[in-house]
Structure formats: C-alpha cells, structure tokens
Amino acid sequence: MFGTAQQHGPGCREVALPPATAAAGLARRETRAAVAGWRLGYLADTAVLLVSELVTNALQHAGPDASGTVLRLAYCGSWLRIEVHDTSPDGPQPRIPDWLDESGFGLMLVDALATKWGVQQTTQGKAVWAELDARPGGAAE
C-alpha cells in the first residue's frame, strides 16, 4: 500500500511511494515526521530537500517502473541515512548544467548538502543514498 510508513526498529522508517507527482510530497511529509520523532529538527530542512531531490530524480528516470520506489530513513545516533530505492539499474548521471538550464542541478545540490552520498545496486534495481551528520553542530568525520 502506497504511503503507509512502516517502522523497522526505533531508528528506521520505510514508505512505498506512488508512481505519481504526489510521491515527493508524501516523502517530504514522512521525512519531517521521522526527523521530528527522532528529535532531529535541526536537520529537517536539509533532510527534506535531499529527499525531495532524490525522489524526484528516481521518479523522473525510472519511467514506468517507478511503482517500485521506496523511501528508507535510518537514524543511528550520529548519522541520518536517506535511501531512495527504485527498480531502474541505471545510476544517476551527474552533470554540470548550463547556467540557463532549468533542471539538472539535483545531484549538485545533493553533493553540496550531504555529508556523503552514493549509489548501491540492489536485487530490484538501485538505491541512491545520502547521509547527514546528525550530531548537533557536528561536522563530517
């Protein structure tokens, strides 16, 4: 069922996203709820922006297979990990957009905001992930 968040332990949340424009909004709401529950309000805006970029990218490039898009959030003390799983095996292609381009800045934004990020192949496709240092005032290790 789309939009039903599942808890996988005290620091893990997962939600299946619909293959529609409503997916990004749902993902943002779930992210705000998760970080509030984990008392990580100081990361909320950054986490929501990262989720929005990753989900939008997954839906845009997964095509008709976007129905397998899943958001996973995990908090493990010093790190907040955001994963967006989709069924496309093709990894994101970072590029440097022209200054007049209206799109293509998503991965540059992810690279600038995340402490670290990457792509992991899965049995169903791939997961694009980003991590944020969750220590108040913390810097990347």
# chains A, B, ... in the order shown; residues from 1 in each chain; ligands from 1
>>> residues_around(residues="segment 45-53 of chain A", least_positions_apart="5", cutoff="10 Å", atoms="only C-alpha atoms", output="ChimeraX atom specification")
/A:23-32,35,40,58,71-73,80-84,105-107,109-111,113-114,129-132
>>> closest_residue(among="A:Gly77, A:Gly68, A:Gly11, A:Gly118", to="Gly91 of chain A", atoms="only C-alpha atoms")
A:Gly118
>>> atom_distance(atom1="atom CA of Pro18 of chain A", atom2="atom CA of Leu43 of chain A")
25.1 Å
>>> residues_around(residues="Cys76 of chain A", least_positions_apart="6", cutoff="10 Å", atoms="only C-alpha atoms", output="list of chain:residue names")
A:Pro10, A:Gly11, A:Cys12, A:Trp38, A:Ala134
>>> decode(residues="segment 103-119 of chain A", atoms="N, CA, C and O atoms", output="PDB file, in the first residue's frame")
ATOM      1  N   SER A 103      16.781  22.638 -15.103  1.00  0.00           N
ATOM      2  CA  SER A 103      16.888  21.409 -14.341  1.00  0.00           C
ATOM      3  C   SER A 103      18.312  20.891 -14.448  1.00  0.00           C
ATOM      4  O   SER A 103      19.145  21.472 -15.129  1.00  0.00           O
ATOM      5  N   GLY A 104      18.577  19.795 -13.744  1.00  0.00           N
ATOM      6  CA  GLY A 104      19.904  19.206 -13.793  1.00  0.00           C
ATOM      7  C   GLY A 104      20.796  19.581 -12.621  1.00  0.00           C
ATOM      8  O   GLY A 104      21.963  19.212 -12.585  1.00  0.00           O
ATOM      9  N   PHE A 105      20.243  20.296 -11.652  1.00  0.00           N
ATOM     10  CA  PHE A 105      21.031  20.737 -10.511  1.00  0.00           C
ATOM     11  C   PHE A 105      20.890  19.833  -9.292  1.00  0.00           C
ATOM     12  O   PHE A 105      21.541  20.038  -8.284  1.00  0.00           O
ATOM     13  N   GLY A 106      20.009  18.816  -9.381  1.00  0.00           N
ATOM     14  CA  GLY A 106      19.689  17.983  -8.225  1.00  0.00           C
ATOM     15  C   GLY A 106      20.885  17.302  -7.592  1.00  0.00           C
ATOM     16  O   GLY A 106      21.082  17.381  -6.381  1.00  0.00           O
ATOM     17  N   LEU A 107      21.700  16.619  -8.392  1.00  0.00           N
ATOM     18  CA  LEU A 107      22.844  15.910  -7.813  1.00  0.00           C
ATOM     19  C   LEU A 107      23.919  16.865  -7.315  1.00  0.00           C
ATOM     20  O   LEU A 107      24.628  16.550  -6.359  1.00  0.00           O
ATOM     21  N   MET A 108      24.018  18.044  -7.926  1.00  0.00           N
ATOM     22  CA  MET A 108      24.949  19.052  -7.405  1.00  0.00           C
ATOM     23  C   MET A 108      24.493  19.487  -6.012  1.00  0.00           C
ATOM     24  O   MET A 108      25.306  19.672  -5.109  1.00  0.00           O
ATOM     25  N   LEU A 109      23.189  19.626  -5.846  1.00  0.00           N
ATOM     26  CA  LEU A 109      22.620  20.005  -4.557  1.00  0.00           C
ATOM     27  C   LEU A 109      22.836  18.903  -3.528  1.00  0.00           C
ATOM     28  O   LEU A 109      23.234  19.169  -2.390  1.00  0.00           O
ATOM     29  N   VAL A 110      22.599  17.653  -3.924  1.00  0.00           N
ATOM     30  CA  VAL A 110      22.831  16.521  -3.026  1.00  0.00           C
ATOM     31  C   VAL A 110      24.298  16.491  -2.603  1.00  0.00           C
ATOM     32  O   VAL A 110      24.617  16.335  -1.419  1.00  0.00           O
ATOM     33  N   ASP A 111      25.205  16.675  -3.543  1.00  0.00           N
ATOM     34  CA  ASP A 111      26.633  16.668  -3.244  1.00  0.00           C
ATOM     35  C   ASP A 111      27.016  17.798  -2.287  1.00  0.00           C
ATOM     36  O   ASP A 111      27.858  17.621  -1.406  1.00  0.00           O
ATOM     37  N   ALA A 112      26.389  18.950  -2.438  1.00  0.00           N
ATOM     38  CA  ALA A 112      26.697  20.094  -1.588  1.00  0.00           C
ATOM     39  C   ALA A 112      26.128  19.946  -0.176  1.00  0.00           C
ATOM     40  O   ALA A 112      26.753  20.378   0.796  1.00  0.00           O
ATOM     41  N   LEU A 113      24.952  19.319  -0.042  1.00  0.00           N
ATOM     42  CA  LEU A 113      24.277  19.262   1.254  1.00  0.00           C
ATOM     43  C   LEU A 113      24.594  18.018   2.077  1.00  0.00           C
ATOM     44  O   LEU A 113      24.619  18.078   3.304  1.00  0.00           O
ATOM     45  N   ALA A 114      24.796  16.891   1.417  1.00  0.00           N
ATOM     46  CA  ALA A 114      25.016  15.634   2.137  1.00  0.00           C
ATOM     47  C   ALA A 114      26.458  15.564   2.638  1.00  0.00           C
ATOM     48  O   ALA A 114      27.377  16.054   1.993  1.00  0.00           O
ATOM     49  N   THR A 115      26.620  14.927   3.790  1.00  0.00           N
ATOM     50  CA  THR A 115      27.958  14.670   4.286  1.00  0.00           C
ATOM     51  C   THR A 115      28.662  13.706   3.344  1.00  0.00           C
ATOM     52  O   THR A 115      29.837  13.855   3.029  1.00  0.00           O
ATOM     53  N   LYS A 116      27.909  12.707   2.902  1.00  0.00           N
ATOM     54  CA  LYS A 116      28.375  11.797   1.865  1.00  0.00           C
ATOM     55  C   LYS A 116      27.156  11.198   1.189  1.00  0.00           C
ATOM     56  O   LYS A 116      26.062  11.186   1.755  1.00  0.00           O
ATOM     57  N   TRP A 117      27.347  10.717  -0.048  1.00  0.00           N
ATOM     58  CA  TRP A 117      26.248  10.108  -0.784  1.00  0.00           C
ATOM     59  C   TRP A 117      26.817   9.120  -1.786  1.00  0.00           C
ATOM     60  O   TRP A 117      28.014   9.126  -2.072  1.00  0.00           O
ATOM     61  N   GLY A 118      25.936   8.259  -2.316  1.00  0.00           N
ATOM     62  CA  GLY A 118      26.395   7.290  -3.283  1.00  0.00           C
ATOM     63  C   GLY A 118      25.240   6.494  -3.853  1.00  0.00           C
ATOM     64  O   GLY A 118      24.065   6.779  -3.591  1.00  0.00           O
ATOM     65  N   VAL A 119      25.612   5.470  -4.616  1.00  0.00           N
ATOM     66  CA  VAL A 119      24.638   4.594  -5.266  1.00  0.00           C
ATOM     67  C   VAL A 119      25.019   3.164  -4.944  1.00  0.00           C
ATOM     68  O   VAL A 119      26.193   2.806  -4.956  1.00  0.00           O
TER      69      VAL A 119
END
